[in-house]
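What follows is the content of target25.cif (mmCIF, C-alpha atoms).
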data_work
loop_
_atom_site.group_PDB
_atom_site.id
_atom_site.type_symbol
_atom_site.label_atom_id
_atom_site.label_comp_id
_atom_site.auth_asym_id
_atom_site.auth_seq_id
_atom_site.Cartn_x
_atom_site.Cartn_y
_atom_site.Cartn_z
ATOM 1 C CA MET N 1 -79.893 92.723 -34.635
ATOM 2 C CA PRO N 2 -79.373 91.898 -30.909
ATOM 3 C CA ASN N 3 -78.584 88.294 -29.964
ATOM 4 C CA PRO N 4 -81.474 86.791 -27.939
ATOM 5 C CA SER N 5 -79.026 85.310 -25.455
ATOM 6 C CA GLY N 6 -77.876 88.792 -24.518
ATOM 7 C CA SER N 7 -74.362 88.484 -25.942
ATOM 8 C CA SER N 8 -73.209 89.967 -29.237
ATOM 9 C CA THR N 9 -72.840 87.767 -32.275
ATOM 10 C CA ALA N 10 -69.068 88.298 -32.285
ATOM 11 C CA PHE N 11 -68.776 87.370 -28.615
ATOM 12 C CA ALA N 12 -70.927 84.280 -29.063
ATOM 13 C CA ARG N 13 -68.759 83.173 -31.999
ATOM 14 C CA PHE N 14 -65.638 83.822 -29.896
ATOM 15 C CA LEU N 15 -66.973 81.607 -27.083
ATOM 16 C CA THR N 16 -67.796 78.854 -29.567
ATOM 17 C CA GLU N 17 -64.208 78.937 -30.854
ATOM 18 C CA LEU N 18 -62.881 78.684 -27.305
ATOM 19 C CA GLY N 19 -65.170 75.738 -26.593
ATOM 20 C CA ASP N 20 -64.018 73.957 -29.758
ATOM 21 C CA ASN N 21 -60.387 74.482 -28.736
ATOM 22 C CA LEU N 22 -61.044 73.032 -25.272
ATOM 23 C CA LEU N 23 -62.788 70.036 -26.814
ATOM 24 C CA ASN N 24 -59.810 69.435 -29.083
ATOM 25 C CA GLN N 25 -57.489 69.589 -26.077
ATOM 26 C CA GLN N 26 -59.639 67.098 -24.202
ATOM 27 C CA GLN N 27 -59.695 64.696 -27.138
ATOM 28 C CA ALA N 28 -55.911 64.962 -27.381
ATOM 29 C CA GLY N 29 -55.552 64.161 -23.689
ATOM 30 C CA LEU N 30 -54.280 67.653 -22.894
ATOM 31 C CA ARG N 31 -57.139 69.080 -20.843
ATOM 32 C CA ARG N 32 -56.062 70.412 -17.460
ATOM 33 C CA ASP N 33 -58.359 69.769 -14.518
ATOM 34 C CA MET N 34 -57.930 71.419 -11.143
ATOM 35 C CA ARG N 35 -57.240 69.167 -8.170
ATOM 36 C CA VAL N 36 -58.940 70.713 -5.156
ATOM 37 C CA LEU N 37 -57.244 69.802 -1.887
ATOM 38 C CA GLU N 38 -59.698 69.213 0.959
ATOM 39 C CA ALA N 39 -57.040 69.317 3.686
ATOM 40 C CA VAL N 40 -53.292 69.777 4.056
ATOM 41 C CA GLU N 41 -51.123 68.466 6.881
ATOM 42 C CA GLY N 42 -47.454 68.793 6.065
ATOM 43 C CA PRO N 43 -46.660 66.546 3.098
ATOM 44 C CA ARG N 44 -49.998 64.741 3.381
ATOM 45 C CA VAL N 45 -53.168 65.964 1.702
ATOM 46 C CA ARG N 46 -56.756 64.822 1.293
ATOM 47 C CA LEU N 47 -57.968 64.734 -2.299
ATOM 48 C CA ALA N 48 -61.396 63.421 -3.312
ATOM 49 C CA GLY N 49 -61.674 61.743 0.080
ATOM 50 C CA ARG N 50 -58.305 59.983 -0.188
ATOM 51 C CA GLU N 51 -55.309 60.555 2.072
ATOM 52 C CA LEU N 52 -52.228 61.006 -0.129
ATOM 53 C CA ILE N 53 -48.594 62.105 0.057
ATOM 54 C CA CYS N 54 -48.082 65.210 -2.089
ATOM 55 C CA TRP N 55 -45.004 64.926 -4.330
ATOM 56 C CA CYS N 56 -45.594 68.114 -6.329
ATOM 57 C CA SER N 57 -45.350 70.745 -3.603
ATOM 58 C CA ASN N 58 -42.637 73.423 -3.509
ATOM 59 C CA ASP N 59 -42.702 73.506 0.297
ATOM 60 C CA TYR N 60 -39.142 72.147 0.415
ATOM 61 C CA LEU N 61 -38.418 72.888 4.073
ATOM 62 C CA GLY N 62 -41.948 72.243 5.338
ATOM 63 C CA LEU N 63 -42.410 75.838 6.525
ATOM 64 C CA SER N 64 -45.806 76.681 5.036
ATOM 65 C CA GLN N 65 -47.584 75.476 8.207
ATOM 66 C CA HIS N 66 -44.842 76.316 10.697
ATOM 67 C CA PRO N 67 -46.355 77.708 13.944
ATOM 68 C CA ALA N 68 -43.942 80.665 13.999
ATOM 69 C CA LEU N 69 -44.967 81.725 10.489
ATOM 70 C CA ALA N 70 -48.654 81.294 11.244
ATOM 71 C CA ALA N 71 -48.315 83.340 14.437
ATOM 72 C CA ALA N 72 -46.431 86.123 12.644
ATOM 73 C CA ALA N 73 -49.071 86.243 9.914
ATOM 74 C CA ALA N 74 -51.909 86.370 12.434
ATOM 75 C CA GLU N 75 -50.252 89.148 14.437
ATOM 76 C CA ALA N 76 -49.614 91.171 11.282
ATOM 77 C CA ALA N 77 -53.207 90.693 10.126
ATOM 78 C CA ALA N 78 -54.510 91.937 13.469
ATOM 79 C CA ARG N 79 -52.237 94.981 13.424
ATOM 80 C CA TRP N 80 -52.050 95.920 9.736
ATOM 81 C CA GLY N 81 -55.000 94.190 8.102
ATOM 82 C CA ILE N 82 -54.773 91.793 5.186
ATOM 83 C CA GLY N 83 -54.018 93.629 1.953
ATOM 84 C CA ALA N 84 -51.311 96.244 1.439
ATOM 85 C CA ARG N 85 -54.070 98.599 0.166
ATOM 86 C CA SER N 86 -51.906 100.224 -2.483
ATOM 87 C CA SER N 87 -48.930 99.905 -4.777
ATOM 88 C CA ARG N 88 -45.583 99.922 -3.050
ATOM 89 C CA LEU N 89 -44.811 103.435 -4.351
ATOM 90 C CA LEU N 90 -47.907 104.983 -2.818
ATOM 91 C CA ALA N 91 -49.168 103.606 0.509
ATOM 92 C CA GLY N 92 -48.343 99.907 0.034
ATOM 93 C CA THR N 93 -44.990 99.782 1.827
ATOM 94 C CA THR N 94 -45.427 99.001 5.519
ATOM 95 C CA ARG N 95 -42.715 98.552 8.086
ATOM 96 C CA CYS N 96 -43.154 94.805 7.495
ATOM 97 C CA HIS N 97 -42.219 95.190 3.822
ATOM 98 C CA ALA N 98 -39.167 97.295 4.632
ATOM 99 C CA GLU N 99 -37.968 94.878 7.329
ATOM 100 C CA LEU N 100 -38.346 91.889 5.015
ATOM 101 C CA GLU N 101 -36.282 93.556 2.295
ATOM 102 C CA GLU N 102 -33.610 94.494 4.820
ATOM 103 C CA ALA N 103 -33.543 90.915 6.130
ATOM 104 C CA LEU N 104 -33.218 89.477 2.602
ATOM 105 C CA ALA N 105 -30.309 91.802 1.866
ATOM 106 C CA ARG N 106 -28.568 90.677 5.066
ATOM 107 C CA TRP N 107 -29.225 87.013 4.304
ATOM 108 C CA PHE N 108 -27.557 87.237 0.896
ATOM 109 C CA GLN N 109 -24.917 89.739 2.086
ATOM 110 C CA ALA N 110 -26.127 92.302 -0.447
ATOM 111 C CA GLU N 111 -26.672 96.034 -0.190
ATOM 112 C CA ALA N 112 -30.406 95.930 -0.861
ATOM 113 C CA ALA N 113 -33.391 93.837 -1.929
ATOM 114 C CA ILE N 114 -36.738 94.412 -3.610
ATOM 115 C CA VAL N 115 -39.814 92.206 -3.114
ATOM 116 C CA PHE N 116 -42.447 91.580 -5.794
ATOM 117 C CA ALA N 117 -45.873 89.953 -5.440
ATOM 118 C CA SER N 118 -44.604 86.789 -7.180
ATOM 119 C CA GLY N 119 -41.497 85.324 -8.748
ATOM 120 C CA TYR N 120 -43.122 85.600 -12.171
ATOM 121 C CA LEU N 121 -43.643 89.334 -11.664
ATOM 122 C CA ALA N 122 -40.073 89.688 -10.380
ATOM 123 C CA ASN N 123 -38.613 88.202 -13.567
ATOM 124 C CA LEU N 124 -40.986 90.059 -15.839
ATOM 125 C CA GLY N 125 -40.434 93.385 -14.089
ATOM 126 C CA ALA N 126 -36.668 93.081 -13.767
ATOM 127 C CA LEU N 127 -35.857 92.034 -17.322
ATOM 128 C CA ARG N 128 -38.245 94.551 -18.876
ATOM 129 C CA ALA N 129 -36.658 97.235 -16.704
ATOM 130 C CA LEU N 130 -33.051 96.301 -17.460
ATOM 131 C CA ALA N 131 -33.116 95.181 -21.104
ATOM 132 C CA SER N 132 -34.210 97.038 -24.229
ATOM 133 C CA ARG N 133 -34.483 96.599 -27.986
ATOM 134 C CA GLN N 134 -30.787 97.404 -28.354
ATOM 135 C CA ASP N 135 -29.827 94.478 -26.115
ATOM 136 C CA VAL N 136 -29.449 90.719 -26.427
ATOM 137 C CA ILE N 137 -30.866 88.017 -24.139
ATOM 138 C CA VAL N 138 -29.635 84.426 -24.379
ATOM 139 C CA ALA N 139 -31.431 81.862 -22.206
ATOM 140 C CA ASP N 140 -31.096 78.193 -21.379
ATOM 141 C CA ARG N 141 -33.750 76.465 -23.472
ATOM 142 C CA LEU N 142 -35.298 74.907 -20.337
ATOM 143 C CA CYS N 143 -35.673 78.179 -18.432
ATOM 144 C CA HIS N 144 -38.970 78.800 -16.654
ATOM 145 C CA ALA N 145 -41.793 80.347 -18.666
ATOM 146 C CA SER N 146 -41.531 83.588 -16.679
ATOM 147 C CA LEU N 147 -37.951 84.095 -17.888
ATOM 148 C CA LEU N 148 -38.840 83.331 -21.502
ATOM 149 C CA ASP N 149 -41.893 85.607 -21.373
ATOM 150 C CA ALA N 150 -39.831 88.372 -19.770
ATOM 151 C CA ALA N 151 -37.106 88.073 -22.390
ATOM 152 C CA ARG N 152 -39.623 88.369 -25.211
ATOM 153 C CA ALA N 153 -41.486 91.236 -23.526
ATOM 154 C CA SER N 154 -38.279 93.241 -23.144
ATOM 155 C CA GLY N 155 -38.006 93.662 -26.908
ATOM 156 C CA ALA N 156 -34.371 92.535 -26.854
ATOM 157 C CA THR N 157 -32.986 90.129 -29.445
ATOM 158 C CA PHE N 158 -33.742 86.727 -27.911
ATOM 159 C CA ARG N 159 -31.981 83.395 -28.458
ATOM 160 C CA VAL N 160 -31.643 80.131 -26.527
ATOM 161 C CA PHE N 161 -28.709 77.837 -25.879
ATOM 162 C CA ALA N 162 -28.634 74.077 -25.312
ATOM 163 C CA HIS N 163 -29.545 73.080 -21.780
ATOM 164 C CA ASN N 164 -26.657 73.433 -19.312
ATOM 165 C CA ASP N 165 -24.144 73.798 -22.168
ATOM 166 C CA PRO N 166 -21.691 76.638 -21.400
ATOM 167 C CA ASP N 167 -19.813 76.134 -24.670
ATOM 168 C CA HIS N 168 -22.967 76.591 -26.721
ATOM 169 C CA ALA N 169 -23.902 79.608 -24.593
ATOM 170 C CA ALA N 170 -20.508 81.143 -25.377
ATOM 171 C CA ASP N 171 -20.942 80.447 -29.102
ATOM 172 C CA VAL N 172 -24.361 82.095 -29.173
ATOM 173 C CA LEU N 173 -23.074 85.154 -27.322
ATOM 174 C CA LYS N 174 -20.097 85.460 -29.675
ATOM 175 C CA ARG N 175 -22.391 85.579 -32.705
ATOM 176 C CA LEU N 176 -24.577 88.343 -31.294
ATOM 177 C CA GLY N 177 -23.787 91.971 -30.678
ATOM 178 C CA GLY N 178 -25.771 94.385 -28.588
ATOM 179 C CA ALA N 179 -25.541 97.259 -26.183
ATOM 180 C CA ARG N 180 -25.938 94.782 -23.317
ATOM 181 C CA ARG N 181 -25.985 91.011 -23.380
ATOM 182 C CA PHE N 182 -27.743 88.931 -20.725
ATOM 183 C CA LEU N 183 -27.347 85.208 -20.091
ATOM 184 C CA LEU N 184 -30.347 83.661 -18.302
ATOM 185 C CA THR N 185 -30.447 80.416 -16.375
ATOM 186 C CA GLU N 186 -32.125 78.810 -13.389
ATOM 187 C CA GLY N 187 -30.095 77.794 -10.365
ATOM 188 C CA VAL N 188 -32.119 74.584 -10.024
ATOM 189 C CA PHE N 189 -34.337 73.750 -12.987
ATOM 190 C CA SER N 190 -37.906 73.387 -11.858
ATOM 191 C CA MET N 191 -38.921 70.529 -14.153
ATOM 192 C CA ASP N 192 -35.827 68.299 -14.245
ATOM 193 C CA GLY N 193 -34.338 69.213 -10.862
ATOM 194 C CA ASP N 194 -30.793 69.515 -12.190
ATOM 195 C CA ARG N 195 -28.506 72.436 -11.389
ATOM 196 C CA ALA N 196 -26.982 74.942 -13.765
ATOM 197 C CA PRO N 197 -23.168 74.893 -14.121
ATOM 198 C CA LEU N 198 -22.986 78.369 -12.608
ATOM 199 C CA ALA N 199 -19.200 78.530 -12.255
ATOM 200 C CA GLU N 200 -18.769 77.745 -15.952
ATOM 201 C CA LEU N 201 -21.550 80.113 -17.018
ATOM 202 C CA ALA N 202 -20.056 82.865 -14.863
ATOM 203 C CA ALA N 203 -16.742 82.337 -16.654
ATOM 204 C CA VAL N 204 -18.517 82.574 -20.013
ATOM 205 C CA THR N 205 -20.222 85.850 -19.142
ATOM 206 C CA GLU N 206 -16.983 87.267 -17.765
ATOM 207 C CA ALA N 207 -15.130 86.379 -20.959
ATOM 208 C CA GLN N 208 -17.929 87.707 -23.171
ATOM 209 C CA GLN N 209 -18.562 90.834 -21.078
ATOM 210 C CA ALA N 210 -22.162 89.715 -20.591
ATOM 211 C CA LEU N 211 -24.435 89.784 -17.536
ATOM 212 C CA LEU N 212 -25.472 86.553 -15.775
ATOM 213 C CA TYR N 213 -29.079 86.471 -14.498
ATOM 214 C CA VAL N 214 -29.950 83.559 -12.197
ATOM 215 C CA ASP N 215 -33.523 82.597 -11.338
ATOM 216 C CA ASP N 216 -32.922 80.624 -8.148
ATOM 217 C CA ALA N 217 -36.547 80.082 -7.175
ATOM 218 C CA HIS N 218 -35.860 76.435 -6.328
ATOM 219 C CA GLY N 219 -32.390 76.876 -4.847
ATOM 220 C CA ALA N 220 -32.726 79.918 -2.599
ATOM 221 C CA PHE N 221 -32.642 79.039 1.133
ATOM 222 C CA VAL N 222 -32.149 75.349 0.230
ATOM 223 C CA LEU N 223 -28.670 75.078 -1.290
ATOM 224 C CA GLY N 224 -25.355 76.261 0.146
ATOM 225 C CA ASP N 225 -23.946 75.977 3.654
ATOM 226 C CA ALA N 226 -25.676 79.216 4.667
ATOM 227 C CA GLY N 227 -28.754 78.705 2.475
ATOM 228 C CA ARG N 228 -27.732 81.361 -0.030
ATOM 229 C CA GLY N 229 -28.732 79.178 -2.931
ATOM 230 C CA ALA N 230 -27.176 77.767 -6.066
ATOM 231 C CA PRO N 231 -24.445 80.440 -6.408
ATOM 232 C CA GLU N 232 -23.125 79.715 -2.925
ATOM 233 C CA ALA N 233 -23.216 75.962 -3.609
ATOM 234 C CA ALA N 234 -21.275 76.527 -6.850
ATOM 235 C CA GLY N 235 -18.742 78.882 -5.275
ATOM 236 C CA VAL N 236 -19.971 81.873 -7.284
ATOM 237 C CA SER N 237 -20.319 85.289 -5.657
ATOM 238 C CA HIS N 238 -23.753 86.893 -5.718
ATOM 239 C CA ALA N 239 -21.936 90.168 -6.306
ATOM 240 C CA SER N 240 -21.018 89.011 -9.826
ATOM 241 C CA LEU N 241 -24.543 88.330 -11.082
ATOM 242 C CA LEU N 242 -28.202 89.349 -11.078
ATOM 243 C CA TYR N 243 -29.979 87.149 -8.534
ATOM 244 C CA MET N 244 -33.692 86.451 -8.241
ATOM 245 C CA GLY N 245 -35.369 84.171 -5.703
ATOM 246 C CA THR N 246 -38.793 83.437 -4.308
ATOM 247 C CA LEU N 247 -40.468 83.385 -0.916
ATOM 248 C CA GLY N 248 -43.081 80.834 -1.967
ATOM 249 C CA LYS N 249 -40.878 77.761 -2.193
ATOM 250 C CA ALA N 250 -38.432 77.013 0.628
ATOM 251 C CA LEU N 251 -39.762 79.784 2.906
ATOM 252 C CA GLY N 252 -43.350 78.548 2.638
ATOM 253 C CA ALA N 253 -44.784 82.017 1.989
ATOM 254 C CA GLN N 254 -45.316 83.918 -1.284
ATOM 255 C CA GLY N 255 -43.561 86.495 -3.453
ATOM 256 C CA GLY N 256 -40.419 87.030 -5.479
ATOM 257 C CA PHE N 257 -37.353 89.186 -4.878
ATOM 258 C CA LEU N 258 -34.081 90.407 -6.303
ATOM 259 C CA ILE N 259 -31.000 91.291 -4.280
ATOM 260 C CA GLY N 260 -27.940 93.240 -5.304
ATOM 261 C CA PRO N 261 -26.119 96.575 -5.184
ATOM 262 C CA ARG N 262 -28.270 99.497 -4.083
ATOM 263 C CA VAL N 263 -28.014 101.180 -7.482
ATOM 264 C CA LEU N 264 -29.547 98.084 -9.101
ATOM 265 C CA ILE N 265 -32.408 97.857 -6.620
ATOM 266 C CA GLU N 266 -33.120 101.594 -6.858
ATOM 267 C CA THR N 267 -33.210 101.281 -10.641
ATOM 268 C CA LEU N 268 -35.814 98.523 -10.361
ATOM 269 C CA ARG N 269 -37.891 100.694 -8.032
ATOM 270 C CA HIS N 270 -37.916 103.361 -10.734
ATOM 271 C CA ARG N 271 -38.394 101.121 -13.765
ATOM 272 C CA ALA N 272 -39.996 97.766 -12.884
ATOM 273 C CA ARG N 273 -43.615 98.183 -13.916
ATOM 274 C CA THR N 274 -44.749 94.969 -12.208
ATOM 275 C CA TRP N 275 -43.575 96.504 -8.918
ATOM 276 C CA MET N 276 -44.683 100.105 -9.486
ATOM 277 C CA TYR N 277 -48.178 99.352 -10.772
ATOM 278 C CA ALA N 278 -49.133 96.327 -8.653
ATOM 279 C CA THR N 279 -50.610 96.208 -5.169
ATOM 280 C CA GLY N 280 -47.960 95.349 -2.599
ATOM 281 C CA LEU N 281 -47.660 91.841 -1.227
ATOM 282 C CA ALA N 282 -50.221 91.073 1.515
ATOM 283 C CA VAL N 283 -48.843 92.079 4.913
ATOM 284 C CA PRO N 284 -49.456 88.743 6.726
ATOM 285 C CA VAL N 285 -47.518 86.932 3.989
ATOM 286 C CA VAL N 286 -44.665 89.439 4.321
ATOM 287 C CA ALA N 287 -44.571 88.916 8.083
ATOM 288 C CA ALA N 288 -44.555 85.136 7.655
ATOM 289 C CA ALA N 289 -41.606 85.269 5.249
ATOM 290 C CA ARG N 290 -39.756 87.544 7.655
ATOM 291 C CA ALA N 291 -40.402 85.086 10.506
ATOM 292 C CA ALA N 292 -39.009 82.227 8.399
ATOM 293 C CA LEU N 293 -35.682 84.056 8.064
ATOM 294 C CA ASP N 294 -35.484 84.259 11.862
ATOM 295 C CA LEU N 295 -35.630 80.481 12.418
ATOM 296 C CA GLY N 296 -31.822 80.319 12.475
ATOM 297 C CA SER N 297 -30.450 76.881 13.320
ATOM 298 C CA GLU N 298 -33.791 75.249 12.561
ATOM 299 C CA LEU N 299 -33.407 76.257 8.914
ATOM 300 C CA ARG N 300 -29.980 74.599 8.817
ATOM 301 C CA GLU N 301 -31.429 71.431 10.322
ATOM 302 C CA ARG N 302 -34.271 71.385 7.812
ATOM 303 C CA ARG N 303 -31.862 71.917 4.913
ATOM 304 C CA GLU N 304 -29.786 68.993 6.145
ATOM 305 C CA GLN N 305 -32.857 66.776 6.495
ATOM 306 C CA LEU N 306 -33.915 67.714 2.962
ATOM 307 C CA ARG N 307 -30.463 66.730 1.690
ATOM 308 C CA ILE N 308 -30.699 63.376 3.479
ATOM 309 C CA ASN N 309 -34.186 62.788 2.111
ATOM 310 C CA GLY N 310 -33.025 63.580 -1.410
ATOM 311 C CA GLU N 311 -30.080 61.190 -1.208
ATOM 312 C CA ARG N 312 -32.309 58.467 0.242
ATOM 313 C CA LEU N 313 -34.850 58.940 -2.538
#
Write the structure described by the file as structure tokens, please.
Amino acid sequence: MPNPSGSSTAFARFLTELGDNLLNQQQAGLRRDMRVLEAVEGPRVRLAGRELICWCSNDYLGLSQHPALAAAAAEAAARWGIGARSSRLLAGTTRCHAELEEALARWFQAEAAIVFASGYLANLGALRALASRQDVIVADRLCHASLLDAARASGATFRVFAHNDPDHAADVLKRLGGARRFLLTEGVFSMDGDRAPLAELAAVTEAQQALLYVDDAHGAFVLGDAGRGAPEAAGVSHASLLYMGTLGKALGAQGGFLIGPRVLIETLRHRARTWMYATGLAVPVVAAARAALDLGSELRERREQLRINGERL
């Protein structure tokens, strides 16, 4: 018999269960409420009528409102429109997308780069494309959710090692066999802010014939003399690892990317489902990220000011 409210009995029961779960979360002090910003001006925001300093932004170099980025985005919007209109494989790759990927490859001194709509999609797409059920993935226990989700989604045997503990990582790898073995870590851990011991982890993967995958979302363009991230700061070559970064943190834009040998990037273009079956990144955002890479000495100055601010804090 139809439900008078217009929804099926099963759906109504489902909604009731969801409501009960939310109530339980609220009673446990775990309910998440959105904070709607009414204005943003650099590190200062207006929230519920109050002027506040925002301490939870990822805009590390203060580029999200940079005039050069805003101008590049506006020009791209006027010329190309807003959306990419298609997946990258069909009609979603504009000259802006190609130029950004070329610029990222040059920045990290790599052969090629591939840009995803977000860092989450970059991790999910890359690890699902490169790992299989015959493989093994071992991750730092404090890795970002996107890495953990990607590892599980790949179907590979999945284990974790103690945070920033290369010896434990080596022990876990030794106990596991597989066609391929991946070791996952972040360059800078997003919650605690500490850095991975990349030189030691690189030595572990070399000794164990495993592959090191570094999510450097919070280190790319910030760390290293040339802004090439946590590997550069640790004296580790990007050529010896799988490297992922984002455009939505230090560059003030949006998107995720991987850089590396051309054969790796071409493989991702053929296998990464989150790239093949997703609409390309919006063109104004792509143009803004590209403009950020052209700021040259200003980026160095902003990195230095960030370092000074961090030491002062």
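Put simply, atom CA of N:Leu241 is 16.6 Å away from atom CA of N:Leu173.
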| said: Evaluated on this file, the PyMOL selection byres ((chain N and resi 185) around 6) picks out some residues - which ones are they, written as a ChimeraX atom specification? | reply: /N:140,184,186,214
Report as a tab-separated table: every residue of stretch 167-229 of chain N with an atom at most 12 Å from stretch 124-132 of chain N, its closest pair of atoms, and their distance in Å to one decimal, counting all atoms listed in the file, with rows sorted by chain and ascending residue number.
residue	atom	partner	partner_atom	distance
N:Gly178	CA	N:Ser132	CA	9.9
N:Ala179	CA	N:Ser132	CA	8.9
N:Arg180	CA	N:Ala131	CA	7.5
N:Arg181	CA	N:Ala131	CA	8.6
N:Phe182	CA	N:Ala131	CA	8.3
N:Leu183	CA	N:Leu127	CA	11.3
N:Leu184	CA	N:Leu127	CA	10.1
N:Leu211	CA	N:Leu130	CA	10.8
N:Leu212	CA	N:Leu127	CA	11.8
N:Tyr213	CA	N:Leu127	CA	9.2
N:Val214	CA	N:Leu127	CA	11.5
N:Asp215	CA	N:Ala126	CA	11.2
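Of the residues under consideration (N:Leu63, N:Ile82, N:Leu142, N:Ala110), N:Leu142 shows the shortest atom-to-atom contact distance to N:Ala162 when counting only C-alpha atoms.
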Using only the atoms of stretch 97-113 of chain N listed in the file, plus 3 Å on each side, state the axis-aligned box centre and edge lengths in Å rounded to one decimal, as AutoDock Vina command-line options.
--center_x -33.6 --center_y 92.2 --center_z 2.7 --size_x 23.3 --size_y 16.3 --size_z 15.3
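Summary of the local environment: counting only C-alpha atoms, residues at most 9 Å from stretch 38-46 of chain N, other than itself and those fewer than 3 positions away along its chain, are Gly49, Arg50, Glu51, Leu52, Ile53, Cys54, Trp55, Ser57, Asp59, Gly62, Leu63, Ser64 and Gln65 of chain N.
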Okay, now the selection with C-alpha atoms, as a PDB file, keeping the file's coordinate frame?
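Okay, selection-v4.pdb is ready:
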ATOM      1  CA  GLY N  49     -61.674  61.743   0.080  1.00  0.00           C
ATOM      2  CA  ARG N  50     -58.305  59.983  -0.188  1.00  0.00           C
ATOM      3  CA  GLU N  51     -55.309  60.555   2.072  1.00  0.00           C
ATOM      4  CA  LEU N  52     -52.228  61.006  -0.129  1.00  0.00           C
ATOM      5  CA  ILE N  53     -48.594  62.105   0.057  1.00  0.00           C
ATOM      6  CA  CYS N  54     -48.082  65.210  -2.089  1.00  0.00           C
ATOM      7  CA  TRP N  55     -45.004  64.926  -4.330  1.00  0.00           C
ATOM      8  CA  SER N  57     -45.350  70.745  -3.603  1.00  0.00           C
ATOM      9  CA  ASP N  59     -42.702  73.506   0.297  1.00  0.00           C
ATOM     10  CA  GLY N  62     -41.948  72.243   5.338  1.00  0.00           C
ATOM     11  CA  LEU N  63     -42.410  75.838   6.525  1.00  0.00           C
ATOM     12  CA  SER N  64     -45.806  76.681   5.036  1.00  0.00           C
ATOM     13  CA  GLN N  65     -47.584  75.476   8.207  1.00  0.00           C
TER      14      GLN N  65
END
| task | Pick out the residues sitting within 10 Å of N:Phe116, and hand them over as a list in words; count only C-alpha atoms, and ignore anything fewer than 6 positions along from it in its own chain. | result | Arg88, Ala122, Asn123, Gly125, Ala126, Thr246, Leu247, Gln254, Gly255, Gly256, Phe257, Leu258, Ala272, Thr274, Trp275, Met276, Ala278, Thr279, Gly280 and Leu281 of chain N
N:Asp192: which residues within 12 Å, counting all atoms listed in the file, same-chain residues fewer than 4 positions away excluded, as a PDB file with C-alpha atoms, keeping the file's coordinate frame?
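As a result, result_19.pdb now contains:
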ATOM      1  CA  LEU N 142     -35.298  74.907 -20.337  1.00  0.00           C
ATOM      2  CA  CYS N 143     -35.673  78.179 -18.432  1.00  0.00           C
ATOM      3  CA  HIS N 144     -38.970  78.800 -16.654  1.00  0.00           C
ATOM      4  CA  HIS N 163     -29.545  73.080 -21.780  1.00  0.00           C
ATOM      5  CA  ASN N 164     -26.657  73.433 -19.312  1.00  0.00           C
ATOM      6  CA  GLU N 186     -32.125  78.810 -13.389  1.00  0.00           C
ATOM      7  CA  GLY N 187     -30.095  77.794 -10.365  1.00  0.00           C
ATOM      8  CA  VAL N 188     -32.119  74.584 -10.024  1.00  0.00           C
ATOM      9  CA  ALA N 196     -26.982  74.942 -13.765  1.00  0.00           C
ATOM     10  CA  HIS N 218     -35.860  76.435  -6.328  1.00  0.00           C
TER      11      HIS N 218
END
| query | Rounded to one decimal in Å, what is the spacing between atom CA of N:Gln305 and atom CA of N:Ala291? | reply | 20.2 Å
